[in-house]
$ cat my_file_10.cif   # mmCIF, N, CA and C atoms
data_final
loop_
_atom_site.label_atom_id
_atom_site.label_comp_id
_atom_site.auth_asym_id
_atom_site.auth_seq_id
_atom_site.Cartn_x
_atom_site.Cartn_y
_atom_site.Cartn_z
N MET A 1 -14.44 -22.35 8.40
CA MET A 1 -15.63 -21.68 7.94
C MET A 1 -16.01 -22.21 6.56
N THR A 2 -17.28 -22.34 6.34
CA THR A 2 -17.74 -22.78 5.03
C THR A 2 -17.90 -21.58 4.12
N ARG A 3 -18.02 -21.84 2.85
CA ARG A 3 -18.22 -20.76 1.88
C ARG A 3 -19.55 -20.06 2.16
N GLN A 4 -20.56 -20.80 2.61
CA GLN A 4 -21.85 -20.19 2.93
C GLN A 4 -21.69 -19.17 4.06
N ASN A 5 -20.90 -19.51 5.05
CA ASN A 5 -20.67 -18.58 6.17
C ASN A 5 -19.69 -17.47 5.82
N THR A 6 -18.95 -17.64 4.73
CA THR A 6 -17.98 -16.64 4.29
C THR A 6 -18.31 -16.23 2.86
N PRO A 7 -19.35 -15.41 2.69
CA PRO A 7 -19.76 -15.03 1.34
C PRO A 7 -18.78 -14.10 0.64
N VAL A 8 -17.88 -13.46 1.39
CA VAL A 8 -16.87 -12.58 0.81
C VAL A 8 -15.50 -13.16 1.13
N ASP A 9 -14.76 -13.52 0.07
CA ASP A 9 -13.46 -14.13 0.31
C ASP A 9 -12.30 -13.24 -0.12
N GLY A 10 -12.58 -12.04 -0.56
CA GLY A 10 -11.49 -11.14 -0.89
C GLY A 10 -12.00 -9.81 -1.37
N PRO A 11 -11.27 -8.77 -1.24
CA PRO A 11 -9.91 -8.73 -0.74
C PRO A 11 -9.81 -8.96 0.76
N TYR A 12 -10.92 -8.81 1.49
CA TYR A 12 -10.94 -9.12 2.92
C TYR A 12 -12.09 -10.08 3.17
N ARG A 13 -11.80 -11.19 3.84
CA ARG A 13 -12.85 -12.17 4.13
C ARG A 13 -13.88 -11.59 5.10
N ILE A 14 -15.15 -11.88 4.83
CA ILE A 14 -16.23 -11.49 5.73
C ILE A 14 -17.07 -12.74 5.98
N ALA A 15 -17.18 -13.12 7.23
CA ALA A 15 -18.04 -14.25 7.61
C ALA A 15 -19.30 -13.68 8.25
N VAL A 16 -20.41 -14.37 8.03
CA VAL A 16 -21.70 -13.95 8.58
C VAL A 16 -22.24 -15.09 9.42
N GLU A 17 -22.60 -14.77 10.66
CA GLU A 17 -23.14 -15.78 11.56
C GLU A 17 -24.40 -15.24 12.24
N PRO A 18 -25.37 -16.11 12.50
CA PRO A 18 -26.60 -15.63 13.12
C PRO A 18 -26.42 -15.39 14.62
N ILE A 19 -27.16 -14.42 15.14
CA ILE A 19 -27.31 -14.19 16.57
C ILE A 19 -28.81 -14.04 16.81
N PRO A 20 -29.28 -14.13 18.03
CA PRO A 20 -30.73 -14.10 18.26
C PRO A 20 -31.45 -12.88 17.69
N THR A 21 -30.76 -11.75 17.60
CA THR A 21 -31.44 -10.54 17.14
C THR A 21 -31.00 -10.09 15.74
N GLY A 22 -30.25 -10.90 15.02
CA GLY A 22 -29.79 -10.54 13.68
C GLY A 22 -28.60 -11.35 13.26
N VAL A 23 -27.52 -10.68 12.87
CA VAL A 23 -26.31 -11.36 12.43
C VAL A 23 -25.08 -10.62 12.95
N THR A 24 -23.95 -11.32 12.92
CA THR A 24 -22.66 -10.67 13.14
C THR A 24 -21.87 -10.78 11.85
N LEU A 25 -21.09 -9.76 11.59
CA LEU A 25 -20.16 -9.78 10.47
C LEU A 25 -18.77 -9.91 11.07
N ASP A 26 -18.09 -11.01 10.77
CA ASP A 26 -16.74 -11.21 11.27
C ASP A 26 -15.78 -10.64 10.23
N VAL A 27 -15.13 -9.53 10.58
CA VAL A 27 -14.22 -8.85 9.67
C VAL A 27 -12.78 -8.89 10.23
N GLU A 28 -12.43 -10.01 10.86
CA GLU A 28 -11.12 -10.15 11.48
C GLU A 28 -9.99 -9.88 10.49
N HIS A 29 -10.09 -10.38 9.28
CA HIS A 29 -9.05 -10.19 8.27
C HIS A 29 -8.83 -8.70 8.01
N PHE A 30 -9.91 -7.93 7.90
CA PHE A 30 -9.82 -6.49 7.70
C PHE A 30 -9.22 -5.81 8.92
N VAL A 31 -9.69 -6.17 10.10
CA VAL A 31 -9.19 -5.56 11.34
C VAL A 31 -7.70 -5.82 11.51
N SER A 32 -7.24 -7.01 11.15
CA SER A 32 -5.81 -7.29 11.29
C SER A 32 -5.00 -6.37 10.39
N LYS A 33 -5.51 -6.06 9.22
CA LYS A 33 -4.82 -5.11 8.33
C LYS A 33 -4.84 -3.70 8.92
N VAL A 34 -5.95 -3.31 9.54
CA VAL A 34 -6.04 -1.99 10.18
C VAL A 34 -5.05 -1.91 11.33
N VAL A 35 -4.98 -2.95 12.15
CA VAL A 35 -4.04 -2.96 13.27
C VAL A 35 -2.61 -2.87 12.73
N ALA A 36 -2.32 -3.58 11.66
CA ALA A 36 -0.98 -3.50 11.06
C ALA A 36 -0.69 -2.07 10.60
N ASP A 37 -1.69 -1.41 10.01
CA ASP A 37 -1.52 -0.01 9.61
C ASP A 37 -1.21 0.87 10.82
N VAL A 38 -1.95 0.65 11.91
CA VAL A 38 -1.76 1.46 13.12
C VAL A 38 -0.37 1.25 13.68
N VAL A 39 0.05 0.00 13.81
CA VAL A 39 1.38 -0.29 14.36
C VAL A 39 2.45 0.34 13.47
N GLU A 40 2.27 0.24 12.17
CA GLU A 40 3.23 0.85 11.24
C GLU A 40 3.32 2.36 11.47
N LYS A 41 2.19 3.01 11.65
CA LYS A 41 2.18 4.46 11.89
C LYS A 41 2.82 4.79 13.24
N LEU A 42 2.56 3.96 14.26
CA LEU A 42 3.12 4.22 15.59
C LEU A 42 4.64 4.11 15.60
N LEU A 43 5.20 3.41 14.64
CA LEU A 43 6.65 3.25 14.58
C LEU A 43 7.32 4.44 13.90
N THR A 44 6.54 5.35 13.36
CA THR A 44 7.12 6.55 12.73
C THR A 44 7.34 7.62 13.78
N ASP A 45 8.23 8.55 13.47
CA ASP A 45 8.51 9.66 14.39
C ASP A 45 7.26 10.48 14.67
N LYS A 46 6.38 10.58 13.70
CA LYS A 46 5.18 11.39 13.85
C LYS A 46 4.32 10.92 15.02
N TYR A 47 4.24 9.62 15.23
CA TYR A 47 3.36 9.09 16.27
C TYR A 47 4.10 8.46 17.45
N ALA A 48 5.33 8.03 17.28
CA ALA A 48 6.06 7.38 18.37
C ALA A 48 6.20 8.31 19.57
N ASP A 49 6.50 9.58 19.30
CA ASP A 49 6.65 10.52 20.40
C ASP A 49 5.33 10.72 21.14
N ARG A 50 4.25 10.76 20.40
CA ARG A 50 2.94 10.94 21.03
C ARG A 50 2.57 9.72 21.87
N LEU A 51 2.93 8.54 21.39
CA LEU A 51 2.67 7.32 22.15
C LEU A 51 3.50 7.32 23.44
N ASP A 52 4.76 7.70 23.33
CA ASP A 52 5.60 7.80 24.53
C ASP A 52 5.02 8.81 25.51
N ASP A 53 4.50 9.89 24.99
CA ASP A 53 3.92 10.94 25.83
C ASP A 53 2.75 10.42 26.65
N LEU A 54 2.02 9.47 26.12
CA LEU A 54 0.88 8.90 26.85
C LEU A 54 1.33 8.11 28.08
N HIS A 55 2.54 7.59 28.04
CA HIS A 55 3.06 6.80 29.16
C HIS A 55 3.55 7.67 30.31
N GLU A 56 3.84 8.93 30.02
CA GLU A 56 4.34 9.83 31.05
C GLU A 56 3.16 10.44 31.80
N PRO A 57 3.06 10.15 33.10
CA PRO A 57 1.95 10.75 33.85
C PRO A 57 2.09 12.26 33.90
N ARG A 58 0.99 12.93 33.67
CA ARG A 58 0.96 14.38 33.70
C ARG A 58 -0.04 14.80 34.76
N PRO A 59 0.36 15.68 35.69
CA PRO A 59 -0.60 16.11 36.72
C PRO A 59 -1.79 16.81 36.07
N ARG A 60 -2.99 16.45 36.53
CA ARG A 60 -4.20 17.02 35.97
C ARG A 60 -5.10 17.53 37.08
N ASP A 61 -5.77 18.59 36.79
CA ASP A 61 -6.76 19.15 37.71
C ASP A 61 -8.06 18.39 37.49
N PRO A 62 -8.55 17.64 38.47
CA PRO A 62 -9.76 16.84 38.26
C PRO A 62 -11.01 17.70 38.04
N HIS A 63 -10.93 18.99 38.35
CA HIS A 63 -12.09 19.86 38.19
C HIS A 63 -12.05 20.67 36.89
N LYS A 64 -10.96 20.57 36.19
CA LYS A 64 -10.80 21.32 34.94
C LYS A 64 -11.58 20.63 33.82
N ILE A 65 -12.30 21.42 33.06
CA ILE A 65 -12.99 20.89 31.88
C ILE A 65 -11.98 20.85 30.74
N GLU A 66 -11.77 19.66 30.21
CA GLU A 66 -10.77 19.52 29.17
C GLU A 66 -11.40 19.61 27.79
N ARG A 67 -10.72 20.31 26.93
CA ARG A 67 -11.14 20.40 25.53
C ARG A 67 -10.67 19.14 24.81
N PRO A 68 -11.32 18.78 23.69
CA PRO A 68 -10.88 17.59 22.96
C PRO A 68 -9.38 17.59 22.65
N ALA A 69 -8.82 18.75 22.37
CA ALA A 69 -7.39 18.82 22.06
C ALA A 69 -6.53 18.47 23.28
N ASP A 70 -7.10 18.60 24.49
CA ASP A 70 -6.37 18.26 25.71
C ASP A 70 -6.38 16.76 26.00
N LEU A 71 -7.24 16.02 25.37
CA LEU A 71 -7.37 14.58 25.62
C LEU A 71 -6.40 13.84 24.70
N ARG A 72 -5.21 13.60 25.20
CA ARG A 72 -4.13 13.07 24.37
C ARG A 72 -4.46 11.71 23.76
N PHE A 73 -5.01 10.81 24.57
CA PHE A 73 -5.34 9.48 24.06
C PHE A 73 -6.39 9.56 22.96
N GLU A 74 -7.48 10.27 23.24
CA GLU A 74 -8.57 10.38 22.28
C GLU A 74 -8.11 11.05 20.99
N GLN A 75 -7.25 12.06 21.13
CA GLN A 75 -6.75 12.76 19.94
C GLN A 75 -5.84 11.85 19.12
N LEU A 76 -5.03 11.04 19.80
CA LEU A 76 -4.16 10.10 19.09
C LEU A 76 -5.01 9.09 18.33
N VAL A 77 -6.05 8.57 18.98
CA VAL A 77 -6.94 7.62 18.31
C VAL A 77 -7.56 8.27 17.07
N GLU A 78 -8.08 9.47 17.24
CA GLU A 78 -8.72 10.17 16.12
C GLU A 78 -7.74 10.37 14.96
N ASP A 79 -6.52 10.77 15.28
CA ASP A 79 -5.52 11.00 14.25
C ASP A 79 -5.13 9.70 13.54
N LEU A 80 -5.00 8.62 14.30
CA LEU A 80 -4.65 7.34 13.68
C LEU A 80 -5.78 6.83 12.80
N VAL A 81 -7.02 7.01 13.24
CA VAL A 81 -8.16 6.58 12.42
C VAL A 81 -8.14 7.32 11.08
N SER A 82 -7.75 8.58 11.12
CA SER A 82 -7.72 9.34 9.86
C SER A 82 -6.61 8.84 8.93
N GLU A 83 -5.67 8.07 9.45
CA GLU A 83 -4.55 7.57 8.65
C GLU A 83 -4.75 6.16 8.10
N VAL A 84 -5.66 5.39 8.69
CA VAL A 84 -5.78 3.98 8.31
C VAL A 84 -7.05 3.74 7.50
N ARG A 85 -7.14 2.55 6.94
CA ARG A 85 -8.31 2.18 6.14
C ARG A 85 -9.54 2.07 7.03
N THR A 86 -10.65 2.60 6.56
CA THR A 86 -11.90 2.53 7.31
C THR A 86 -13.04 1.97 6.48
N LYS A 87 -12.82 1.77 5.20
CA LYS A 87 -13.87 1.23 4.34
C LYS A 87 -13.52 -0.19 3.95
N LEU A 88 -14.51 -1.05 4.06
CA LEU A 88 -14.34 -2.47 3.78
C LEU A 88 -14.92 -2.75 2.40
N PRO A 89 -14.09 -2.94 1.39
CA PRO A 89 -14.63 -3.15 0.04
C PRO A 89 -15.22 -4.55 -0.14
N VAL A 90 -16.31 -4.61 -0.86
CA VAL A 90 -16.92 -5.87 -1.27
C VAL A 90 -17.20 -5.72 -2.77
N TYR A 91 -16.74 -6.66 -3.56
CA TYR A 91 -16.79 -6.52 -5.02
C TYR A 91 -17.72 -7.52 -5.69
N GLY A 92 -18.27 -7.11 -6.82
CA GLY A 92 -18.99 -7.97 -7.74
C GLY A 92 -20.05 -8.85 -7.10
N LEU A 93 -20.02 -10.11 -7.50
CA LEU A 93 -21.02 -11.06 -7.03
C LEU A 93 -20.95 -11.30 -5.52
N GLN A 94 -19.79 -11.00 -4.94
CA GLN A 94 -19.67 -11.15 -3.49
C GLN A 94 -20.65 -10.24 -2.75
N THR A 95 -20.98 -9.10 -3.34
CA THR A 95 -21.95 -8.20 -2.70
C THR A 95 -23.30 -8.88 -2.58
N LEU A 96 -23.69 -9.59 -3.63
CA LEU A 96 -24.97 -10.29 -3.60
C LEU A 96 -24.94 -11.48 -2.65
N ARG A 97 -23.80 -12.20 -2.62
CA ARG A 97 -23.68 -13.33 -1.67
C ARG A 97 -23.76 -12.82 -0.24
N LEU A 98 -23.10 -11.69 0.04
CA LEU A 98 -23.14 -11.12 1.38
C LEU A 98 -24.55 -10.70 1.75
N ALA A 99 -25.21 -9.98 0.84
CA ALA A 99 -26.58 -9.53 1.10
C ALA A 99 -27.52 -10.73 1.28
N GLY A 100 -27.35 -11.74 0.44
CA GLY A 100 -28.19 -12.94 0.56
C GLY A 100 -27.99 -13.67 1.86
N ARG A 101 -26.74 -13.78 2.29
CA ARG A 101 -26.46 -14.49 3.54
C ARG A 101 -26.99 -13.71 4.73
N ILE A 102 -26.85 -12.38 4.71
CA ILE A 102 -27.40 -11.56 5.79
C ILE A 102 -28.91 -11.72 5.83
N GLU A 103 -29.54 -11.65 4.67
CA GLU A 103 -31.00 -11.79 4.62
C GLU A 103 -31.43 -13.16 5.11
N GLN A 104 -30.73 -14.20 4.68
CA GLN A 104 -31.06 -15.57 5.08
C GLN A 104 -31.00 -15.73 6.59
N LEU A 105 -29.96 -15.19 7.21
CA LEU A 105 -29.79 -15.37 8.65
C LEU A 105 -30.62 -14.38 9.47
N ALA A 106 -30.85 -13.19 8.95
CA ALA A 106 -31.55 -12.17 9.72
C ALA A 106 -33.06 -12.32 9.68
N THR A 107 -33.61 -12.89 8.62
CA THR A 107 -35.06 -12.96 8.46
C THR A 107 -35.75 -13.60 9.66
N PRO A 108 -35.33 -14.76 10.15
CA PRO A 108 -36.01 -15.35 11.31
C PRO A 108 -35.90 -14.46 12.56
N ALA A 109 -34.75 -13.87 12.78
CA ALA A 109 -34.57 -13.02 13.96
C ALA A 109 -35.45 -11.78 13.87
N ILE A 110 -35.52 -11.18 12.70
CA ILE A 110 -36.34 -9.98 12.51
C ILE A 110 -37.82 -10.33 12.68
N ALA A 111 -38.24 -11.46 12.14
CA ALA A 111 -39.63 -11.89 12.29
C ALA A 111 -39.98 -12.08 13.77
N ALA A 112 -39.08 -12.68 14.53
CA ALA A 112 -39.33 -12.88 15.96
C ALA A 112 -39.41 -11.54 16.69
N LEU A 113 -38.52 -10.60 16.33
CA LEU A 113 -38.55 -9.28 16.96
C LEU A 113 -39.84 -8.53 16.62
N GLN A 114 -40.28 -8.65 15.36
CA GLN A 114 -41.52 -7.98 14.96
C GLN A 114 -42.72 -8.57 15.70
N ALA A 115 -42.74 -9.90 15.85
CA ALA A 115 -43.84 -10.54 16.58
C ALA A 115 -43.84 -10.08 18.04
N GLN A 116 -42.67 -9.98 18.63
CA GLN A 116 -42.56 -9.52 20.01
C GLN A 116 -43.02 -8.06 20.12
N GLU A 117 -42.65 -7.23 19.16
CA GLU A 117 -43.06 -5.83 19.16
C GLU A 117 -44.57 -5.69 19.01
N GLU A 118 -45.16 -6.51 18.14
CA GLU A 118 -46.61 -6.48 17.94
C GLU A 118 -47.34 -6.92 19.21
N ALA A 119 -46.85 -7.95 19.87
CA ALA A 119 -47.46 -8.41 21.11
C ALA A 119 -47.36 -7.33 22.18
N HIS A 120 -46.25 -6.64 22.23
CA HIS A 120 -46.06 -5.55 23.19
C HIS A 120 -47.04 -4.42 22.89
N ALA A 121 -47.22 -4.08 21.61
CA ALA A 121 -48.14 -3.01 21.22
C ALA A 121 -49.58 -3.36 21.58
N VAL A 122 -49.97 -4.62 21.37
CA VAL A 122 -51.33 -5.06 21.72
C VAL A 122 -51.53 -4.97 23.22
N ALA A 123 -50.55 -5.41 24.00
CA ALA A 123 -50.66 -5.36 25.46
C ALA A 123 -50.73 -3.92 25.94
N LEU A 124 -49.92 -3.05 25.37
CA LEU A 124 -49.92 -1.64 25.75
C LEU A 124 -51.25 -0.99 25.40
N ASP A 125 -51.78 -1.30 24.22
CA ASP A 125 -53.07 -0.75 23.81
C ASP A 125 -54.16 -1.22 24.76
N SER A 126 -54.10 -2.47 25.18
CA SER A 126 -55.07 -3.02 26.10
C SER A 126 -55.02 -2.30 27.45
N ILE A 127 -53.82 -2.01 27.91
CA ILE A 127 -53.65 -1.30 29.18
C ILE A 127 -54.19 0.12 29.06
N VAL A 128 -53.89 0.77 27.94
CA VAL A 128 -54.36 2.14 27.73
C VAL A 128 -55.90 2.19 27.71
N ARG A 129 -56.53 1.17 27.13
CA ARG A 129 -57.99 1.14 27.10
C ARG A 129 -58.58 0.70 28.43
N GLY A 130 -57.75 0.35 29.40
CA GLY A 130 -58.23 -0.05 30.70
C GLY A 130 -58.61 -1.51 30.79
N GLU A 131 -58.18 -2.30 29.81
CA GLU A 131 -58.52 -3.74 29.79
C GLU A 131 -57.43 -4.60 30.38
N GLY A 132 -56.24 -4.02 30.57
CA GLY A 132 -55.10 -4.80 31.04
C GLY A 132 -55.08 -4.95 32.52
N SER A 133 -54.23 -5.83 33.01
CA SER A 133 -54.13 -6.09 34.44
C SER A 133 -53.62 -4.90 35.22
N ALA A 134 -52.89 -3.98 34.56
CA ALA A 134 -52.35 -2.80 35.26
C ALA A 134 -53.47 -1.87 35.68
N ALA A 135 -54.60 -1.88 34.97
CA ALA A 135 -55.70 -0.99 35.30
C ALA A 135 -56.60 -1.58 36.38
N ALA A 136 -56.48 -2.86 36.66
CA ALA A 136 -57.35 -3.53 37.63
C ALA A 136 -56.97 -3.21 39.04
#
$ encode --input "my_file_10.cif" --output "structure tokens"
Amino acid sequence: MTRQNTPVDGPYRIAVEPIPTGVTLDVEHFVSKVVADVVEKLLTDKYADRLDDLHEPRPRDPHKIERPADLRFEQLVEDLVSEVRTKLPVYGLQTLRLAGRIEQLATPAIAALQAQEEAHAVALDSIVRGEGSAAA
């Protein structure tokens, strides 16, 4: 990756790449740290038992409405999210480089989407006025 594509190089690298409708932010470095946090938590007694519990099939009534507390997997995910990092810091001049790179890559995509939206609005207005092919 070039420096232009990676406007944030620390504490977590962020790469920015264009897609047809905007940009993607590649935060793999941050996600790997989050996964490491999760694995570390799963190795503790607090979570290891709950993880083991998910492997044990438990008979369930398919017609029973389950409360969120009954959803073991979802509750484990929620609890782990509350334990790990969820904010991605960007410091100093890197904030401006990130914003600039996003703007640079997103501007053409946004312009194309706006043009498409305007063309759609004109066509819809034409149909509403009875000038479009749908009214014929």
$ resolve_selection --input "my_file_10.cif" --expression "the PyMOL selection byres (((chain A and resi 107-122 and name CA) around 8) and name CA)" --output "ChimeraX atom specification"
/A:19-22,103-106,123-126
$ resolve_selection --input "my_file_10.cif" --expression "the PyMOL selection byres (((chain A and resi 23-40 and name CA) around 9) and name CA)" --output "list in words"
Thr6, Pro11, Tyr12, Arg13, Ile14, Ala15, Val16, Glu17, Pro18, Ile19, Pro20, Thr21, Gly22, Lys41, Leu42, Leu43, Thr44, Leu80, Val81, Glu83, Val84, Arg85, Thr86, Leu88, Ile102, Leu105, Ala106 and Ala109 of chain A
$ closest_residue --input "my_file_10.cif" --among "A:Gly130, A:Arg50, A:Arg101, A:Leu96" --to "A:Arg72" --atoms "all atoms listed in the file"
A:Arg50
$ atom_distance --input "my_file_10.cif" --atom1 "atom C of A:Asp45" --atom2 "atom N of A:Asp79"
13.8 Å
$ select_by_dssp --input "my_file_10.cif" --residues "stretch 2-74 of chain A" --states "strand (DSSP E or B)" --output "list in words"
Val8, Ile14, Ala15, Val16, Glu17, Pro18, Ile19, Gly22, Val23, Thr24, Leu25 and Asp26 of chain A
$ write_last_selection --input "my_file_10.cif" --atoms "N, CA and C atoms" --output "CSV table (one decimal), in the frame of the given file"
chain,number,residue,atom,x,y,z
A,8,VAL,N,-17.9,-13.5,1.4
A,8,VAL,CA,-16.9,-12.6,0.8
A,8,VAL,C,-15.5,-13.2,1.1
A,14,ILE,N,-15.2,-11.9,4.8
A,14,ILE,CA,-16.2,-11.5,5.7
A,14,ILE,C,-17.1,-12.7,6.0
A,15,ALA,N,-17.2,-13.1,7.2
A,15,ALA,CA,-18.0,-14.2,7.6
A,15,ALA,C,-19.3,-13.7,8.2
A,16,VAL,N,-20.4,-14.4,8.0
A,16,VAL,CA,-21.7,-14.0,8.6
A,16,VAL,C,-22.2,-15.1,9.4
A,17,GLU,N,-22.6,-14.8,10.7
A,17,GLU,CA,-23.1,-15.8,11.6
A,17,GLU,C,-24.4,-15.2,12.2
A,18,PRO,N,-25.4,-16.1,12.5
A,18,PRO,CA,-26.6,-15.6,13.1
A,18,PRO,C,-26.4,-15.4,14.6
A,19,ILE,N,-27.2,-14.4,15.1
A,19,ILE,CA,-27.3,-14.2,16.6
A,19,ILE,C,-28.8,-14.0,16.8
A,22,GLY,N,-30.2,-10.9,15.0
A,22,GLY,CA,-29.8,-10.5,13.7
A,22,GLY,C,-28.6,-11.4,13.3
A,23,VAL,N,-27.5,-10.7,12.9
A,23,VAL,CA,-26.3,-11.4,12.4
A,23,VAL,C,-25.1,-10.6,13.0
A,24,THR,N,-24.0,-11.3,12.9
A,24,THR,CA,-22.7,-10.7,13.1
A,24,THR,C,-21.9,-10.8,11.8
A,25,LEU,N,-21.1,-9.8,11.6
A,25,LEU,CA,-20.2,-9.8,10.5
A,25,LEU,C,-18.8,-9.9,11.1
A,26,ASP,N,-18.1,-11.0,10.8
A,26,ASP,CA,-16.7,-11.2,11.3
A,26,ASP,C,-15.8,-10.6,10.2
$ atom_distance --input "my_file_10.cif" --atom1 "atom N of A:Leu93" --atom2 "atom N of A:Asp9"
9.8 Å
$ select_by_dssp --input "my_file_10.cif" --residues "stretch 41-124 of chain A" --states "alpha helix (DSSP H)" --output "PyMOL selection string"
chain A and resi 41-42+45-55+72-83+93-124
